[in-house]
Amino acid sequence: MVKLREVIALGRQEALSRNHDYIGIEHLFLGLIREGEGLVIKTLRNLDVDPVMLKKTIEDCISKNPAKDNTKRNIPLTKEAEKVLKFAVLERITMKSEAIGAEHLMLSILKNKNNLATQLLNQYDITYEIFRAKLDSIRN
């Protein structure tokens, strides 16, 4: 199981690589994709979505800030990203999982309609309900 902590660290790296001084939902989503394995990637592939293409599309939508000092040790999560992380905990409880994983974060992102990742996934006809159903079929 891919741990949420790993995805957050990858999301932070995604934010820093773009010289952003915050970690948003889009960075967390890129961290999910960048991780490259686990239930999220397997579910996306089962839904006929190429994670590499998805990552490229999101990267193309996110601007990179001009070079600046990106050595900040602590860059904050946006309020929306914090909320998505809190809802990921609820997803873990709903799914009766022992540990919180990347799949819980993905479901939480999909529940939040007002973010770039969800809007892009919706263009691929992937909604919370569709992703959850496919995830459940893979897990069983």
# chains A, B, ... in the order shown; residues from 1 in each chain; ligands from 1

call {"tool": "residues_around", "arguments": {"residues": "A:Leu77", "least_positions_apart": "5", "cutoff": "8 Å", "atoms": "only C-alpha atoms", "output": "list in words"}}
result
Tyr22, Ile23, Gly24 and Glu82 of chain A

call {"tool": "residues_around", "arguments": {"residues": "stretch 103-118 of chain A", "least_positions_apart": "6", "cutoff": "8 Å", "atoms": "only C-alpha atoms", "output": "JSON list (two decimals) with N, CA, C and O atoms, in the first residue's frame"}}
result
[["chain", "number", "residue", "atom", "x", "y", "z"],
["A", 4, "LEU", "N", 0.07, 7.63, 2.49],
["A", 4, "LEU", "CA", -0.27, 9.02, 2.24],
["A", 4, "LEU", "C", 0.94, 9.93, 2.47],
["A", 4, "LEU", "O", 1.15, 10.89, 1.73],
["A", 25, "ILE", "N", -3.96, 20.94, -4.20],
["A", 25, "ILE", "CA", -4.52, 19.65, -4.60],
["A", 25, "ILE", "C", -3.83, 19.14, -5.85],
["A", 25, "ILE", "O", -3.55, 17.95, -5.98],
["A", 26, "GLU", "N", -3.52, 20.04, -6.78],
["A", 26, "GLU", "CA", -2.87, 19.62, -8.01],
["A", 26, "GLU", "C", -1.49, 19.01, -7.74],
["A", 26, "GLU", "O", -1.08, 18.06, -8.41],
["A", 29, "PHE", "N", -2.09, 15.55, -6.32],
["A", 29, "PHE", "CA", -2.48, 14.65, -7.40],
["A", 29, "PHE", "C", -1.27, 14.23, -8.23],
["A", 29, "PHE", "O", -1.10, 13.06, -8.57],
["A", 32, "LEU", "N", 0.50, 11.61, -6.45],
["A", 32, "LEU", "CA", -0.16, 10.31, -6.61],
["A", 32, "LEU", "C", 0.30, 9.63, -7.90],
["A", 32, "LEU", "O", 0.62, 8.45, -7.92],
["A", 39, "LEU", "N", -2.73, 1.00, -5.93],
["A", 39, "LEU", "CA", -4.14, 0.88, -6.35],
["A", 39, "LEU", "C", -4.63, 2.03, -7.21],
["A", 39, "LEU", "O", -5.45, 1.82, -8.10],
["A", 40, "VAL", "N", -4.14, 3.23, -6.96],
["A", 40, "VAL", "CA", -4.60, 4.38, -7.76],
["A", 40, "VAL", "C", -4.19, 4.19, -9.21],
["A", 40, "VAL", "O", -5.01, 4.31, -10.12],
["A", 58, "ILE", "N", -1.82, 17.70, -16.66],
["A", 58, "ILE", "CA", -1.88, 18.55, -15.46],
["A", 58, "ILE", "C", -0.67, 19.47, -15.40],
["A", 58, "ILE", "O", -0.80, 20.65, -15.11],
["A", 84, "VAL", "N", -8.94, 18.20, 1.68],
["A", 84, "VAL", "CA", -8.89, 16.93, 0.96],
["A", 84, "VAL", "C", -8.20, 15.87, 1.81],
["A", 84, "VAL", "O", -8.63, 14.72, 1.85],
["A", 85, "LEU", "N", -7.14, 16.25, 2.51],
["A", 85, "LEU", "CA", -6.45, 15.29, 3.39],
["A", 85, "LEU", "C", -7.36, 14.83, 4.53],
["A", 85, "LEU", "O", -7.37, 13.66, 4.90],
["A", 87, "PHE", "N", -10.64, 14.70, 4.48],
["A", 87, "PHE", "CA", -11.66, 13.82, 3.91],
["A", 87, "PHE", "C", -11.08, 12.46, 3.53],
["A", 87, "PHE", "O", -11.79, 11.46, 3.50],
["A", 88, "ALA", "N", -9.78, 12.41, 3.25],
["A", 88, "ALA", "CA", -9.13, 11.12, 2.97],
["A", 88, "ALA", "C", -9.20, 10.21, 4.20],
["A", 88, "ALA", "O", -9.38, 9.00, 4.08],
["A", 89, "VAL", "N", -9.10, 10.81, 5.38],
["A", 89, "VAL", "CA", -9.24, 10.03, 6.61],
["A", 89, "VAL", "C", -10.64, 9.44, 6.70],
["A", 89, "VAL", "O", -10.82, 8.27, 7.06],
["A", 91, "GLU", "N", -12.55, 8.72, 4.18],
["A", 91, "GLU", "CA", -12.62, 7.65, 3.17],
["A", 91, "GLU", "C", -12.04, 6.35, 3.73],
["A", 91, "GLU", "O", -12.57, 5.28, 3.50],
["A", 92, "ARG", "N", -10.95, 6.48, 4.47],
["A", 92, "ARG", "CA", -10.33, 5.30, 5.08],
["A", 92, "ARG", "C", -11.32, 4.63, 6.03],
["A", 92, "ARG", "O", -11.48, 3.41, 6.02],
["A", 127, "THR", "N", -15.56, 9.76, -12.41],
["A", 127, "THR", "CA", -16.16, 10.44, -11.27],
["A", 127, "THR", "C", -15.79, 9.67, -10.01],
["A", 127, "THR", "O", -15.23, 8.57, -10.08],
["A", 128, "TYR", "N", -16.17, 10.23, -8.89],
["A", 128, "TYR", "CA", -15.96, 9.54, -7.62],
["A", 128, "TYR", "C", -16.60, 8.15, -7.66],
["A", 128, "TYR", "O", -15.97, 7.16, -7.30],
["A", 131, "PHE", "N", -14.75, 5.71, -10.07],
["A", 131, "PHE", "CA", -13.44, 5.31, -9.54],
["A", 131, "PHE", "C", -13.62, 4.38, -8.34],
["A", 131, "PHE", "O", -12.94, 3.37, -8.23],
["A", 132, "ARG", "N", -14.55, 4.71, -7.46],
["A", 132, "ARG", "CA", -14.79, 3.89, -6.27],
["A", 132, "ARG", "C", -15.24, 2.48, -6.65],
["A", 132, "ARG", "O", -14.77, 1.49, -6.08]]

call {"tool": "select_by_dssp", "arguments": {"residues": "stretch 49-99 of chain A", "states": "helix (DSSP H, G or I)", "output": "count of residues only"}}
result
27

call {"tool": "decode", "arguments": {"residues": "stretch 119-135 of chain A", "atoms": "all heavy atoms", "output": "compact mmCIF listing (two decimals), in the first residue's frame"}}
result
# COMPACT_ATOMS: atom_id res chain seq x y z
N GLN A 119 -11.56 18.01 -12.34
CA GLN A 119 -12.11 18.49 -13.61
C GLN A 119 -11.49 17.74 -14.79
O GLN A 119 -12.19 17.37 -15.73
CB GLN A 119 -11.89 20.00 -13.72
CG GLN A 119 -12.73 20.77 -12.71
CD GLN A 119 -12.29 22.20 -12.52
OE1 GLN A 119 -11.37 22.68 -13.17
NE2 GLN A 119 -12.96 22.89 -11.60
N LEU A 120 -10.20 17.49 -14.72
CA LEU A 120 -9.53 16.74 -15.78
C LEU A 120 -10.02 15.30 -15.82
O LEU A 120 -10.33 14.76 -16.88
CB LEU A 120 -8.02 16.79 -15.61
CG LEU A 120 -7.21 16.05 -16.64
CD1 LEU A 120 -7.44 16.61 -18.03
CD2 LEU A 120 -5.73 16.12 -16.30
N LEU A 121 -10.11 14.66 -14.66
CA LEU A 121 -10.59 13.28 -14.59
C LEU A 121 -12.03 13.18 -15.10
O LEU A 121 -12.39 12.21 -15.75
CB LEU A 121 -10.48 12.74 -13.17
CG LEU A 121 -9.04 12.42 -12.74
CD1 LEU A 121 -8.95 12.28 -11.23
CD2 LEU A 121 -8.54 11.17 -13.44
N ASN A 122 -12.84 14.19 -14.81
CA ASN A 122 -14.21 14.20 -15.31
C ASN A 122 -14.24 14.23 -16.84
O ASN A 122 -15.15 13.67 -17.46
CB ASN A 122 -15.01 15.37 -14.75
CG ASN A 122 -15.34 15.24 -13.27
OD1 ASN A 122 -15.80 16.18 -12.65
ND2 ASN A 122 -15.12 14.07 -12.68
N GLN A 123 -13.25 14.86 -17.46
CA GLN A 123 -13.15 14.87 -18.92
C GLN A 123 -12.90 13.46 -19.47
O GLN A 123 -13.24 13.16 -20.60
CB GLN A 123 -12.05 15.81 -19.39
CG GLN A 123 -12.38 17.27 -19.18
CD GLN A 123 -11.22 18.18 -19.57
OE1 GLN A 123 -10.26 17.76 -20.21
NE2 GLN A 123 -11.33 19.44 -19.19
N TYR A 124 -12.30 12.61 -18.64
CA TYR A 124 -12.09 11.21 -19.00
C TYR A 124 -13.27 10.35 -18.53
O TYR A 124 -13.17 9.13 -18.49
CB TYR A 124 -10.80 10.67 -18.35
CG TYR A 124 -9.53 11.17 -18.98
CD1 TYR A 124 -8.89 12.30 -18.48
CD2 TYR A 124 -8.94 10.50 -20.04
CE1 TYR A 124 -7.69 12.75 -19.04
CE2 TYR A 124 -7.76 10.95 -20.61
CZ TYR A 124 -7.14 12.07 -20.10
OH TYR A 124 -5.96 12.52 -20.65
N ASP A 125 -14.35 11.00 -18.14
CA ASP A 125 -15.55 10.33 -17.62
C ASP A 125 -15.28 9.55 -16.34
O ASP A 125 -15.90 8.52 -16.08
CB ASP A 125 -16.18 9.41 -18.67
CG ASP A 125 -16.72 10.20 -19.86
OD1 ASP A 125 -17.24 11.31 -19.63
OD2 ASP A 125 -16.60 9.72 -20.99
N ILE A 126 -14.36 10.04 -15.53
CA ILE A 126 -14.09 9.42 -14.24
C ILE A 126 -14.63 10.32 -13.15
O ILE A 126 -14.22 11.47 -13.01
CB ILE A 126 -12.58 9.17 -14.05
CG1 ILE A 126 -12.09 8.20 -15.11
CG2 ILE A 126 -12.29 8.64 -12.64
CD1 ILE A 126 -10.62 7.95 -15.10
N THR A 127 -15.56 9.76 -12.41
CA THR A 127 -16.16 10.44 -11.27
C THR A 127 -15.79 9.67 -10.01
O THR A 127 -15.23 8.57 -10.08
CB THR A 127 -17.69 10.49 -11.41
OG1 THR A 127 -18.17 9.13 -11.40
CG2 THR A 127 -18.12 11.21 -12.67
N TYR A 128 -16.17 10.23 -8.89
CA TYR A 128 -15.96 9.54 -7.62
C TYR A 128 -16.60 8.15 -7.66
O TYR A 128 -15.97 7.16 -7.30
CB TYR A 128 -16.56 10.37 -6.47
CG TYR A 128 -16.55 9.65 -5.15
CD1 TYR A 128 -15.46 9.74 -4.30
CD2 TYR A 128 -17.63 8.86 -4.75
CE1 TYR A 128 -15.44 9.06 -3.09
CE2 TYR A 128 -17.62 8.18 -3.54
CZ TYR A 128 -16.52 8.29 -2.72
OH TYR A 128 -16.50 7.61 -1.53
N GLU A 129 -17.83 8.10 -8.10
CA GLU A 129 -18.58 6.84 -8.10
C GLU A 129 -17.94 5.79 -9.01
O GLU A 129 -17.82 4.63 -8.64
CB GLU A 129 -20.04 7.08 -8.53
CG GLU A 129 -20.85 7.92 -7.57
CD GLU A 129 -20.58 9.43 -7.63
OE1 GLU A 129 -19.92 9.91 -8.60
OE2 GLU A 129 -20.99 10.13 -6.69
N ILE A 130 -17.52 6.20 -10.19
CA ILE A 130 -16.89 5.28 -11.14
C ILE A 130 -15.55 4.78 -10.60
O ILE A 130 -15.26 3.58 -10.64
CB ILE A 130 -16.73 5.94 -12.52
CG1 ILE A 130 -18.12 6.11 -13.17
CG2 ILE A 130 -15.79 5.16 -13.43
CD1 ILE A 130 -18.13 6.99 -14.40
N PHE A 131 -14.75 5.71 -10.07
CA PHE A 131 -13.44 5.31 -9.54
C PHE A 131 -13.62 4.38 -8.34
O PHE A 131 -12.94 3.37 -8.23
CB PHE A 131 -12.62 6.54 -9.15
CG PHE A 131 -11.20 6.22 -8.80
CD1 PHE A 131 -10.23 6.16 -9.78
CD2 PHE A 131 -10.83 5.94 -7.49
CE1 PHE A 131 -8.92 5.83 -9.48
CE2 PHE A 131 -9.52 5.61 -7.17
CZ PHE A 131 -8.56 5.57 -8.17
N ARG A 132 -14.55 4.71 -7.46
CA ARG A 132 -14.79 3.89 -6.27
C ARG A 132 -15.24 2.48 -6.65
O ARG A 132 -14.77 1.49 -6.08
CB ARG A 132 -15.82 4.57 -5.37
CG ARG A 132 -16.27 3.78 -4.16
CD ARG A 132 -15.18 3.69 -3.10
NE ARG A 132 -15.51 2.76 -2.07
CZ ARG A 132 -15.99 3.09 -0.89
NH1 ARG A 132 -16.21 4.35 -0.59
NH2 ARG A 132 -16.26 2.16 0.01
N ALA A 133 -16.14 2.38 -7.61
CA ALA A 133 -16.64 1.06 -8.04
C ALA A 133 -15.50 0.22 -8.63
O ALA A 133 -15.37 -0.96 -8.32
CB ALA A 133 -17.76 1.22 -9.06
N LYS A 134 -14.67 0.83 -9.47
CA LYS A 134 -13.55 0.09 -10.07
C LYS A 134 -12.53 -0.28 -9.00
O LYS A 134 -12.01 -1.40 -8.98
CB LYS A 134 -12.91 0.93 -11.17
CG LYS A 134 -11.80 0.22 -11.91
CD LYS A 134 -12.23 -1.06 -12.60
CE LYS A 134 -12.98 -0.81 -13.86
NZ LYS A 134 -13.28 -2.04 -14.61
N LEU A 135 -12.26 0.63 -8.09
CA LEU A 135 -11.33 0.36 -6.99
C LEU A 135 -11.83 -0.81 -6.15
O LEU A 135 -11.06 -1.73 -5.83
CB LEU A 135 -11.18 1.60 -6.12
CG LEU A 135 -10.29 1.50 -4.89
CD1 LEU A 135 -8.84 1.25 -5.28
CD2 LEU A 135 -10.40 2.78 -4.07
